[in-house]
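What's in run-v4.pdb: PDB, C-alpha atoms
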MODEL        1
ATOM      1  CA  MET A   5     -67.672 159.133 126.168
ATOM      2  CA  THR A   6     -63.862 159.116 126.248
ATOM      3  CA  LYS A   7     -62.286 162.520 126.602
ATOM      4  CA  ARG A   8     -59.627 163.132 123.988
ATOM      5  CA  LEU A   9     -56.333 164.758 124.945
ATOM      6  CA  LYS A  10     -55.767 168.262 123.842
ATOM      7  CA  LYS A  11     -52.896 168.867 121.492
ATOM      8  CA  SER A  12     -50.947 170.688 124.193
ATOM      9  CA  GLU A  13     -51.515 167.803 126.640
ATOM     10  CA  PHE A  14     -50.425 165.312 124.031
ATOM     11  CA  MET A  15     -47.245 167.260 123.382
ATOM     12  CA  MET A  16     -46.553 167.498 127.116
ATOM     13  CA  ALA A  17     -46.976 163.738 127.551
ATOM     14  CA  TYR A  18     -44.789 163.128 124.523
ATOM     15  CA  MET A  19     -42.048 165.385 125.900
ATOM     16  CA  ILE A  20     -42.193 163.618 129.277
ATOM     17  CA  ILE A  21     -41.816 160.237 127.588
ATOM     18  CA  ILE A  22     -38.906 161.519 125.454
ATOM     19  CA  THR A  23     -37.235 163.045 128.525
ATOM     20  CA  LEU A  24     -37.565 159.823 130.491
ATOM     21  CA  ALA A  25     -36.226 157.822 127.572
ATOM     22  CA  CYS A  26     -33.236 160.163 127.199
ATOM     23  CA  THR A  27     -32.579 160.064 130.942
ATOM     24  CA  VAL A  28     -32.661 156.288 131.071
ATOM     25  CA  GLY A  29     -30.617 156.013 127.873
ATOM     26  CA  GLY A  30     -28.112 158.554 129.152
ATOM     27  CA  PHE A  31     -27.778 156.672 132.424
ATOM     28  CA  PHE A  32     -27.014 153.395 130.695
ATOM     29  CA  PHE A  33     -24.710 155.091 128.190
ATOM     30  CA  GLY A  34     -22.858 156.837 131.021
ATOM     31  CA  ALA A  35     -22.582 153.608 132.967
ATOM     32  CA  HIS A  36     -21.239 151.850 129.884
ATOM     33  CA  TYR A  37     -18.763 154.684 129.235
ATOM     34  CA  MET A  38     -17.532 154.631 132.829
ATOM     35  CA  LYS A  39     -17.202 150.864 132.749
ATOM     36  CA  THR A  40     -15.261 151.043 129.485
ATOM     37  CA  SER A  41     -12.993 153.807 130.854
ATOM     38  CA  ILE A  42     -12.303 151.887 134.063
ATOM     39  CA  GLU A  43     -11.569 148.711 132.102
ATOM     40  CA  ALA A  44      -9.218 150.662 129.797
ATOM     41  CA  GLU A  45      -7.390 152.187 132.775
ATOM     42  CA  GLN A  46      -7.091 148.791 134.421
ATOM     43  CA  ALA A  47      -5.802 147.268 131.180
ATOM     44  CA  ALA A  48      -3.246 150.079 130.783
ATOM     45  CA  ALA A  49      -2.128 149.662 134.391
ATOM     46  CA  MET A  50      -1.836 145.909 133.927
ATOM     47  CA  GLU A  51       0.143 146.364 130.707
ATOM     48  CA  ALA A  52       2.517 148.825 132.419
ATOM     49  CA  LYS A  53       2.927 146.410 135.312
ATOM     50  CA  GLN A  54       3.670 143.542 132.930
ATOM     51  CA  LYS A  55       6.214 145.659 131.029
ATOM     52  CA  GLU A  56       7.918 146.624 134.280
ATOM     53  CA  ALA A  57       7.973 142.976 135.387
ATOM     54  CA  GLU A  58       9.413 141.941 132.020
ATOM     55  CA  LYS A  59      12.029 144.696 132.272
ATOM     56  CA  GLU A  60      13.052 143.536 135.763
ATOM     57  CA  LYS A  61      13.165 139.937 134.549
ATOM     58  CA  MET A  62      15.418 140.896 131.632
ATOM     59  CA  LEU A  63      17.640 142.905 133.963
ATOM     60  CA  ARG A  64      17.949 139.920 136.292
ATOM     61  CA  GLU A  65      18.808 137.738 133.342
ATOM     62  CA  GLN A  66      21.286 140.399 132.166
ATOM     63  CA  LYS A  67      19.611 140.860 128.792
ATOM     64  CA  LEU A  68      19.360 144.659 128.996
ATOM     65  CA  TYR A  69      22.046 147.361 128.846
ATOM     66  CA  SER A  70      24.839 145.239 127.519
ATOM     67  CA  GLU A  71      28.448 146.396 127.563
ATOM     68  CA  GLN A  72      28.427 146.472 123.742
ATOM     69  CA  ASP A  73      25.560 148.968 123.685
ATOM     70  CA  PHE A  74      27.388 151.330 126.028
ATOM     71  CA  ILE A  75      30.510 151.162 123.887
ATOM     72  CA  ARG A  76      28.553 151.830 120.674
ATOM     73  CA  PHE A  77      26.608 154.659 122.289
ATOM     74  CA  TYR A  78      29.678 156.300 123.770
ATOM     75  CA  TYR A  79      31.694 156.488 120.555
ATOM     76  CA  ALA A  80      28.796 157.202 118.184
ATOM     77  CA  VAL A  81      26.753 159.601 120.342
ATOM     78  CA  TYR A  82      28.174 160.653 123.683
ATOM     79  CA  ALA A  83      31.759 161.404 122.689
ATOM     80  CA  PRO A  84      30.759 163.785 119.835
ATOM     81  CA  VAL A  85      28.277 165.728 121.978
ATOM     82  CA  LEU A  86      30.745 165.957 124.876
ATOM     83  CA  GLU A  87      33.363 167.345 122.476
ATOM     84  CA  LEU A  88      30.874 170.000 121.328
ATOM     85  CA  LYS A  89      30.034 170.914 124.924
ATOM     86  CA  GLN A  90      33.730 171.154 125.802
ATOM     87  CA  ALA A  91      34.366 173.427 122.809
ATOM     88  CA  HIS A  92      31.425 175.616 123.806
ATOM     89  CA  PHE A  93      32.561 176.155 127.391
ATOM     90  CA  GLU A  94      36.193 176.651 126.420
ATOM     91  CA  THR A  95      35.034 179.364 124.026
ATOM     92  CA  MET A  96      32.921 180.990 126.736
ATOM     93  CA  ALA A  97      35.838 180.826 129.202
ATOM     94  CA  ASN A  98      38.076 182.699 126.709
ATOM     95  CA  TRP A  99      35.354 185.112 125.576
ATOM     96  CA  GLY A 100      36.660 188.126 127.497
ATOM     97  CA  SER A 101      40.066 187.941 125.808
ATOM     98  CA  LEU A 102      38.669 187.858 122.252
ATOM     99  CA  ASP A 103      38.179 190.888 120.022
ATOM    100  CA  GLN A 104      35.047 191.350 117.913
ATOM    101  CA  LYS A 105      36.331 189.469 114.873
ATOM    102  CA  ALA A 106      37.656 186.613 116.998
ATOM    103  CA  ARG A 107      34.277 186.320 118.752
ATOM    104  CA  THR A 108      32.432 186.136 115.453
ATOM    105  CA  ASP A 109      34.890 183.532 114.193
ATOM    106  CA  ALA A 110      34.512 181.564 117.426
ATOM    107  CA  LEU A 111      30.719 181.447 117.045
ATOM    108  CA  LYS A 112      31.090 180.340 113.431
ATOM    109  CA  GLN A 113      33.459 177.576 114.536
ATOM    110  CA  LEU A 114      30.950 176.356 117.130
ATOM    111  CA  GLU A 115      28.250 176.331 114.466
ATOM    112  CA  LYS A 116      30.521 174.341 112.156
ATOM    113  CA  GLN A 117      31.262 171.814 114.909
ATOM    114  CA  ALA A 118      27.550 171.551 115.785
ATOM    115  CA  ASP A 119      26.718 170.893 112.138
ATOM    116  CA  GLN A 120      29.313 168.094 112.004
ATOM    117  CA  THR A 121      27.996 166.682 115.283
ATOM    118  CA  ILE A 122      24.503 166.503 113.810
ATOM    119  CA  LYS A 123      25.876 164.566 110.853
ATOM    120  CA  ASP A 124      27.535 162.146 113.278
ATOM    121  CA  LEU A 125      24.331 161.745 115.292
ATOM    122  CA  ASP A 126      22.195 161.185 112.194
ATOM    123  CA  LYS A 127      23.938 157.856 111.628
ATOM    124  CA  ASN A 128      22.085 154.759 112.739
ATOM    125  CA  VAL A 129      23.329 153.345 116.034
ATOM    126  CA  PRO A 130      21.986 149.884 116.886
ATOM    127  CA  LEU A 131      21.207 149.708 120.600
ATOM    128  CA  PRO A 132      19.055 146.582 120.791
ATOM    129  CA  THR A 133      19.212 146.064 124.554
ATOM    130  CA  SER A 134      19.190 149.682 125.728
ATOM    131  CA  PRO A 135      15.932 151.600 125.174
ATOM    132  CA  LEU A 136      16.978 154.531 127.357
ATOM    133  CA  LEU A 137      20.196 154.982 125.401
ATOM    134  CA  ALA A 138      18.188 154.973 122.165
ATOM    135  CA  GLN A 139      15.936 157.699 123.597
ATOM    136  CA  ALA A 140      18.992 159.641 124.752
ATOM    137  CA  HIS A 141      20.356 159.488 121.195
ATOM    138  CA  THR A 142      17.180 161.173 119.953
ATOM    139  CA  GLN A 143      17.240 163.811 122.679
ATOM    140  CA  PHE A 144      20.900 164.662 122.091
ATOM    141  CA  THR A 145      20.177 165.043 118.382
ATOM    142  CA  ASN A 146      17.319 167.422 119.214
ATOM    143  CA  SER A 147      19.612 169.318 121.571
ATOM    144  CA  VAL A 148      22.385 169.825 119.033
ATOM    145  CA  ARG A 149      19.904 170.897 116.331
ATOM    146  CA  ALA A 150      18.453 173.462 118.736
ATOM    147  CA  TYR A 151      21.984 174.552 119.664
ATOM    148  CA  LEU A 152      22.918 175.127 116.033
ATOM    149  CA  ASP A 153      19.732 177.095 115.321
ATOM    150  CA  SER A 154      20.227 179.203 118.454
ATOM    151  CA  MET A 155      23.879 179.959 117.777
ATOM    152  CA  GLU A 156      23.064 181.047 114.228
ATOM    153  CA  ASN A 157      20.374 183.380 115.594
ATOM    154  CA  ILE A 158      22.677 184.734 118.294
ATOM    155  CA  ARG A 159      25.394 185.522 115.772
ATOM    156  CA  SER A 160      23.095 187.079 113.182
ATOM    157  CA  ALA A 161      20.661 188.923 115.477
ATOM    158  CA  GLN A 162      23.149 190.988 117.431
ATOM    159  CA  ASN A 163      26.669 192.282 117.434
ATOM    160  CA  SER A 164      28.781 189.418 118.773
ATOM    161  CA  ASN A 165      31.009 191.962 120.498
ATOM    162  CA  ALA A 166      28.047 192.983 122.702
ATOM    163  CA  SER A 167      27.194 189.389 123.593
ATOM    164  CA  THR A 168      28.348 187.876 126.849
ATOM    165  CA  PRO A 169      28.433 184.220 127.923
ATOM    166  CA  ALA A 170      25.320 184.932 130.014
ATOM    167  CA  VAL A 171      23.464 186.414 127.025
ATOM    168  CA  ILE A 172      24.503 183.475 124.854
ATOM    169  CA  ALA A 173      23.410 181.004 127.536
ATOM    170  CA  SER A 174      19.986 182.673 127.737
ATOM    171  CA  GLY A 175      19.484 181.892 124.056
ATOM    172  CA  LEU A 176      20.260 178.195 124.449
ATOM    173  CA  THR A 177      17.376 177.183 126.740
ATOM    174  CA  LEU A 178      15.802 174.696 124.331
ATOM    175  CA  ALA A 179      19.137 173.028 123.606
ATOM    176  CA  GLU A 180      19.988 172.881 127.313
ATOM    177  CA  ASN A 181      16.640 171.334 128.282
ATOM    178  CA  SER A 182      16.929 168.587 125.673
ATOM    179  CA  TRP A 183      20.530 167.954 126.717
ATOM    180  CA  LEU A 184      19.611 167.600 130.398
ATOM    181  CA  THR A 185      16.800 165.187 129.533
ATOM    182  CA  ALA A 186      19.175 163.092 127.425
ATOM    183  CA  GLN A 187      21.743 163.199 130.220
ATOM    184  CA  GLU A 188      19.195 161.808 132.694
ATOM    185  CA  MET A 189      18.533 158.913 130.322
ATOM    186  CA  VAL A 190      22.232 158.109 129.941
ATOM    187  CA  TYR A 191      22.871 157.919 133.672
ATOM    188  CA  HIS A 192      19.611 156.092 134.311
ATOM    189  CA  SER A 193      20.899 153.499 131.843
ATOM    190  CA  VAL A 194      24.200 153.188 133.686
ATOM    191  CA  ALA A 195      22.318 152.798 136.972
ATOM    192  CA  ALA A 196      20.253 150.026 135.357
ATOM    193  CA  TRP A 197      23.483 148.351 134.232
ATOM    194  CA  GLU A 198      24.787 148.611 137.794
ATOM    195  CA  SER A 199      21.623 147.081 139.264
ATOM    196  CA  ALA A 200      21.795 144.119 136.865
ATOM    197  CA  TYR A 201      25.497 143.392 136.663
ATOM    198  CA  VAL A 202      26.979 144.739 139.899
ATOM    199  CA  GLU A 203      24.359 145.035 142.632
ATOM    200  CA  LYS A 204      22.184 142.260 141.190
ATOM    201  CA  LYS A 205      19.060 143.763 142.722
ATOM    202  CA  PRO A 206      16.433 146.172 141.405
ATOM    203  CA  MET A 207      16.800 149.927 141.588
ATOM    204  CA  PRO A 208      14.117 151.954 143.365
ATOM    205  CA  LYS A 209      11.075 152.083 141.087
ATOM    206  CA  ALA A 210      11.045 155.890 141.249
ATOM    207  CA  ALA A 211      13.611 158.469 142.262
ATOM    208  CA  PRO A 212      12.898 159.847 145.741
ATOM    209  CA  ALA A 213      11.453 163.352 145.970
ATOM    210  CA  THR A 214      14.019 164.250 148.616
ATOM    211  CA  VAL A 215      17.292 162.506 149.431
ATOM    212  CA  SER A 216      18.717 162.664 152.923
ATOM    213  CA  VAL A 217      22.459 162.457 153.499
ATOM    214  CA  GLU A 218      21.991 158.993 155.029
ATOM    215  CA  GLN A 219      19.989 157.792 151.998
ATOM    216  CA  TRP A 220      22.588 159.159 149.604
ATOM    217  CA  LYS A 221      25.387 157.237 151.269
ATOM    218  CA  GLN A 222      23.450 153.979 151.050
ATOM    219  CA  TYR A 223      22.866 154.170 147.306
ATOM    220  CA  PRO A 224      25.457 152.655 144.929
ATOM    221  CA  PHE A 225      27.647 155.010 142.906
ATOM    222  CA  HIS A 226      25.842 154.937 139.565
ATOM    223  CA  TYR A 227      22.410 155.379 141.140
ATOM    224  CA  ARG A 228      23.808 158.380 143.030
ATOM    225  CA  THR A 229      25.093 159.712 139.717
ATOM    226  CA  TYR A 230      21.656 159.269 138.159
ATOM    227  CA  LEU A 231      20.256 161.323 141.046
ATOM    228  CA  ALA A 232      22.992 163.908 140.403
ATOM    229  CA  ALA A 233      21.756 164.147 136.796
ATOM    230  CA  LEU A 234      18.229 164.730 138.120
ATOM    231  CA  PHE A 235      19.495 167.499 140.406
ATOM    232  CA  MET A 236      21.236 169.118 137.440
ATOM    233  CA  SER A 237      17.985 169.045 135.465
ATOM    234  CA  ALA A 238      15.973 170.420 138.387
ATOM    235  CA  ASN A 239      18.443 173.308 138.756
ATOM    236  CA  LYS A 240      18.754 173.875 134.972
ATOM    237  CA  GLN A 241      22.469 173.323 135.486
ATOM    238  CA  TRP A 242      24.015 172.846 132.052
ATOM    239  CA  GLY A 243      27.703 173.349 132.617
ATOM    240  CA  SER A 244      31.121 172.100 131.613
ATOM    241  CA  TYR A 245      31.023 169.229 134.112
ATOM    242  CA  ASN A 246      29.155 165.903 134.006
ATOM    243  CA  PRO A 247      26.954 164.226 136.644
ATOM    244  CA  GLU A 248      29.805 161.971 137.799
ATOM    245  CA  ASP A 249      31.796 165.124 138.626
ATOM    246  CA  LEU A 250      28.912 166.392 140.764
ATOM    247  CA  THR A 251      28.634 162.977 142.454
ATOM    248  CA  ALA A 252      32.318 163.001 143.369
ATOM    249  CA  ARG A 253      32.074 166.505 144.830
ATOM    250  CA  LEU A 254      28.938 165.563 146.775
ATOM    251  CA  ASP A 255      30.606 162.435 148.150
ATOM    252  CA  LEU A 256      33.627 164.472 149.205
ATOM    253  CA  LEU A 257      31.525 167.166 150.874
ATOM    254  CA  LEU A 258      29.118 164.797 152.640
ATOM    255  CA  ALA A 259      31.987 162.709 154.009
ATOM    256  CA  SER A 260      33.583 165.781 155.583
ATOM    257  CA  THR A 261      32.930 167.605 158.844
ATOM    258  CA  GLU A 262      32.188 170.683 156.747
ATOM    259  CA  SER A 263      28.752 169.349 155.851
ATOM    260  CA  GLN A 264      27.911 169.033 159.535
ATOM    261  CA  THR A 265      29.249 172.518 160.236
ATOM    262  CA  LEU A 266      27.046 173.889 157.454
ATOM    263  CA  GLY A 267      24.056 171.976 158.810
ATOM    264  CA  ILE A 268      23.451 170.106 155.561
ATOM    265  CA  LYS A 269      20.641 167.601 156.067
ATOM    266  CA  ASP A 270      19.799 166.605 152.499
ATOM    267  CA  VAL A 271      21.472 166.369 149.116
ATOM    268  CA  ALA A 272      19.503 169.240 147.570
ATOM    269  CA  ALA A 273      21.047 171.579 150.152
ATOM    270  CA  ALA A 274      24.509 170.171 149.418
ATOM    271  CA  VAL A 275      24.027 170.777 145.694
ATOM    272  CA  LYS A 276      23.064 174.396 146.396
ATOM    273  CA  VAL A 277      26.235 174.880 148.428
ATOM    274  CA  LEU A 278      28.403 173.414 145.668
ATOM    275  CA  ASN A 279      26.708 175.530 142.995
ATOM    276  CA  ALA A 280      26.919 178.694 145.074
ATOM    277  CA  THR A 281      30.642 178.223 145.631
ATOM    278  CA  ASP A 282      31.354 177.082 142.060
ATOM    279  CA  ALA A 283      32.946 173.975 143.545
ATOM    280  CA  VAL A 284      32.212 171.483 140.742
ATOM    281  CA  HIS A 285      34.447 171.359 137.667
ATOM    282  CA  ALA A 286      34.883 169.188 134.617
ATOM    283  CA  GLY A 287      37.172 166.280 135.415
ATOM    284  CA  ASP A 288      36.472 166.222 139.166
ATOM    285  CA  PHE A 289      35.443 162.572 139.065
ATOM    286  CA  LYS A 290      38.714 161.447 137.497
ATOM    287  CA  LYS A 291      40.650 163.733 139.844
ATOM    288  CA  LEU A 292      38.962 162.339 142.965
ATOM    289  CA  ASN A 293      38.362 158.753 141.819
ATOM    290  CA  GLY A 294      41.399 157.239 143.491
ATOM    291  CA  LYS A 295      40.791 159.149 146.712
ATOM    292  CA  LEU A 296      37.088 158.384 147.065
ATOM    293  CA  TYR A 297      36.542 155.004 145.423
ATOM    294  CA  SER A 298      38.942 152.142 146.063
ATOM    295  CA  VAL A 299      36.901 149.740 143.929
ATOM    296  CA  LEU A 300      34.365 150.974 141.411
ATOM    297  CA  SER A 301      32.687 148.903 138.697
ATOM    298  CA  THR A 302      31.822 150.835 135.559
ATOM    299  CA  PRO A 303      30.988 150.109 131.928
ATOM    300  CA  GLU A 304      34.173 149.866 129.861
ATOM    301  CA  ILE A 305      34.002 153.332 128.330
ATOM    302  CA  PRO A 306      36.490 156.249 128.571
ATOM    303  CA  LEU A 307      34.009 158.320 130.578
ATOM    304  CA  TYR A 308      35.208 156.619 133.758
ATOM    305  CA  LYS A 309      38.839 155.943 132.848
TER     306      LYS A 309
ENDMDL
END

Write the structure described by the file as C-alpha cells, please.
Amino acid sequence: MTKRLKKSEFMMAYMIIITLACTVGGFFFGAHYMKTSIEAEQAAAMEAKQKEAEKEKMLREQKLYSEQDFIRFYYAVYAPVLELKQAHFETMANWGSLDQKARTDALKQLEKQADQTIKDLDKNVPLPTSPLLAQAHTQFTNSVRAYLDSMENIRSAQNSNASTPAVIASGLTLAENSWLTAQEMVYHSVAAWESAYVEKKPMPKAAPATVSVEQWKQYPFHYRTYLAALFMSANKQWGSYNPEDLTARLDLLLASTESQTLGIKDVAAAVKVLNATDAVHAGDFKKLNGKLYSVLSTPEIPLYK
C-alpha cells in the first residue's frame, strides 16, 4: 500500500521545487541581464569610438571649427562677456576709493550691464561646425545669469559699504564655475582649430594629468593655452586675465633661468609661483606677443590682435 505524503512533507517538497525553480530562473535572468549590460556597454563604447573617429576625420578634412564660427562666436558671445568681466574687475580695483553711495551705484551698474549681456546672449548664434563653442555659449549664459542673481543678492542682503571685493567674490562661486567651464570649451575649440588648420595632426585625446616643463614646450601655443584654461579651472582662478595671458607668462618664466633657480619641474608648480606673486595681468599676451612669438597662427578675432 502506497504511503501518502503528509501535508507538511508535501509543503516542504513544494517549497524545494519552488526554490530550485527560482534559483534556476534567477541564474538565467542574471546571465541575460549581464549579457545585455555588457552588450550595451560595448555598443556605447563603439558609438563613442565612431564619434571620435568621425570628429578626427572632419578635423582632418577641415570641416569643424571654421573661421566663420569663431568670428560669430567672438562678437555675439565672447566680446560681451569679456566686457562684463572687465567692468567687474575695474569696479573691484576702484572699490576702496568709493563711498557708500558710489559702491551701491557701482553694483547697480554691474547688474544693469549683466542684464544687457544676458539679452545679448539670448540671441541665436549659428555655430554649425563648432559644438564646443555652442556649449560654451550655453555655459556663459548660465554664468551671467548666476552673476546677476548673485550681485542682486549681495547688494540687497548687506550694506554695500561693508562689502569687500573678497566678500563679493565669495558670493559669485556659481557664476565663476560656469565661466571657467565655458572658458575651457572656448580654448579647447581654438586648440582643435590649431590641430586641423595649423598643425594638421590630432591633439592628445585627453589632457595630461601632469605637465612637465619639457612637455609644455613641445605643445603648440593654442594647446598650451587650453591647458592654461584647465589650470585656471583647477585653481578656481577667475580673474581679470585670460588663459592666453597665463600662457604668455608661463612661456616667459619657463624660458628663463629663474625657473631653474626656483627648481620648477612642472607647469602646475610654475602656475603656483605666478599666482603667488600676482605676476599675471590682463593684456599680458598682447604685451609679450612680439617678444615671445615671432610667428603665431590664430583665428582672425580681436582676442589675439

Practice problem: On this file, the PyMOL selection byres ((chain A and resi 233) around 12) gives some set of residues; write that set as a ChimeraX atom specification. | Solution: /A:183-195,211,226-232,234-243,245-251,275

Quiz item: Between A:Asn293, A:Ser154, A:Ser134, A:Thr168, which one has atoms that come closest to Trp197 (chain A), using all atoms listed in the file?
Solution: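 The shortest atom-to-atom distance to Trp197 (chain A) comes from A:Ser134.
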
Quiz item: What is the CA of Ala272 (chain A) to CA of Gln90 (chain A) distance in Å?
Solution: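 Spanning CA of Ala272 (chain A) to CA of Gln90 (chain A) is a straight-line distance of 26.1 Å.
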
Practice problem: Provide the CA of Pro132 (chain A) to CA of Thr302 (chain A) distance in Å, to one decimal place. | Solution: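 CA of Pro132 (chain A) sits 20.0 Å away from CA of Thr302 (chain A).
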
Quiz item: What does the distance from CA of Arg149 (chain A) to CA of Val85 (chain A) come to in Å, to one decimal?
Solution: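 Between CA of Arg149 (chain A) and CA of Val85 (chain A) the gap is 11.3 Å.
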
Box along x, y and z, 3 Å on every side, all listed atoms of region 242-251 of chain A inside: centre and edge lengths in Å to one decimal, as lines of an AutoDock Vina configuration file.
center_x = 27.9
center_y = 167.7
center_z = 137.0
size_x = 13.8
size_y = 17.4
size_z = 16.8

Self-check item: Selection result for the PyMOL selection byres ((chain A and resi 76) around 12) on this file, as a VMD selection string
Solution: chain A and resid 69 to 75 77 to 83 127 to 134 137 to 138 141 303 to 305

Quiz prompt | Picked residues, the PyMOL selection byres ((chain A and resi 216) around 9), expected as a VMD selection string | solution = chain A and resid 214 to 215 217 to 221 269 to 272

Self-check item: Long-range neighbours of region 252-256 of chain A as a list in words, 7 Å cut-off, only C-alpha atoms, 6 positions minimum in chain
Solution: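 Everything that qualifies: Ala274, Val284, Asp288, Phe289 and Leu292 of chain A.
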
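The list of residues with at least one atom within 9 Å of Gln117 (chain A), based on all atoms listed in the file and without residues fewer than 4 positions apart in the same chain, reads Leu88, Ala91, Lys112, Gln113, Thr121 and Ile122 of chain A.
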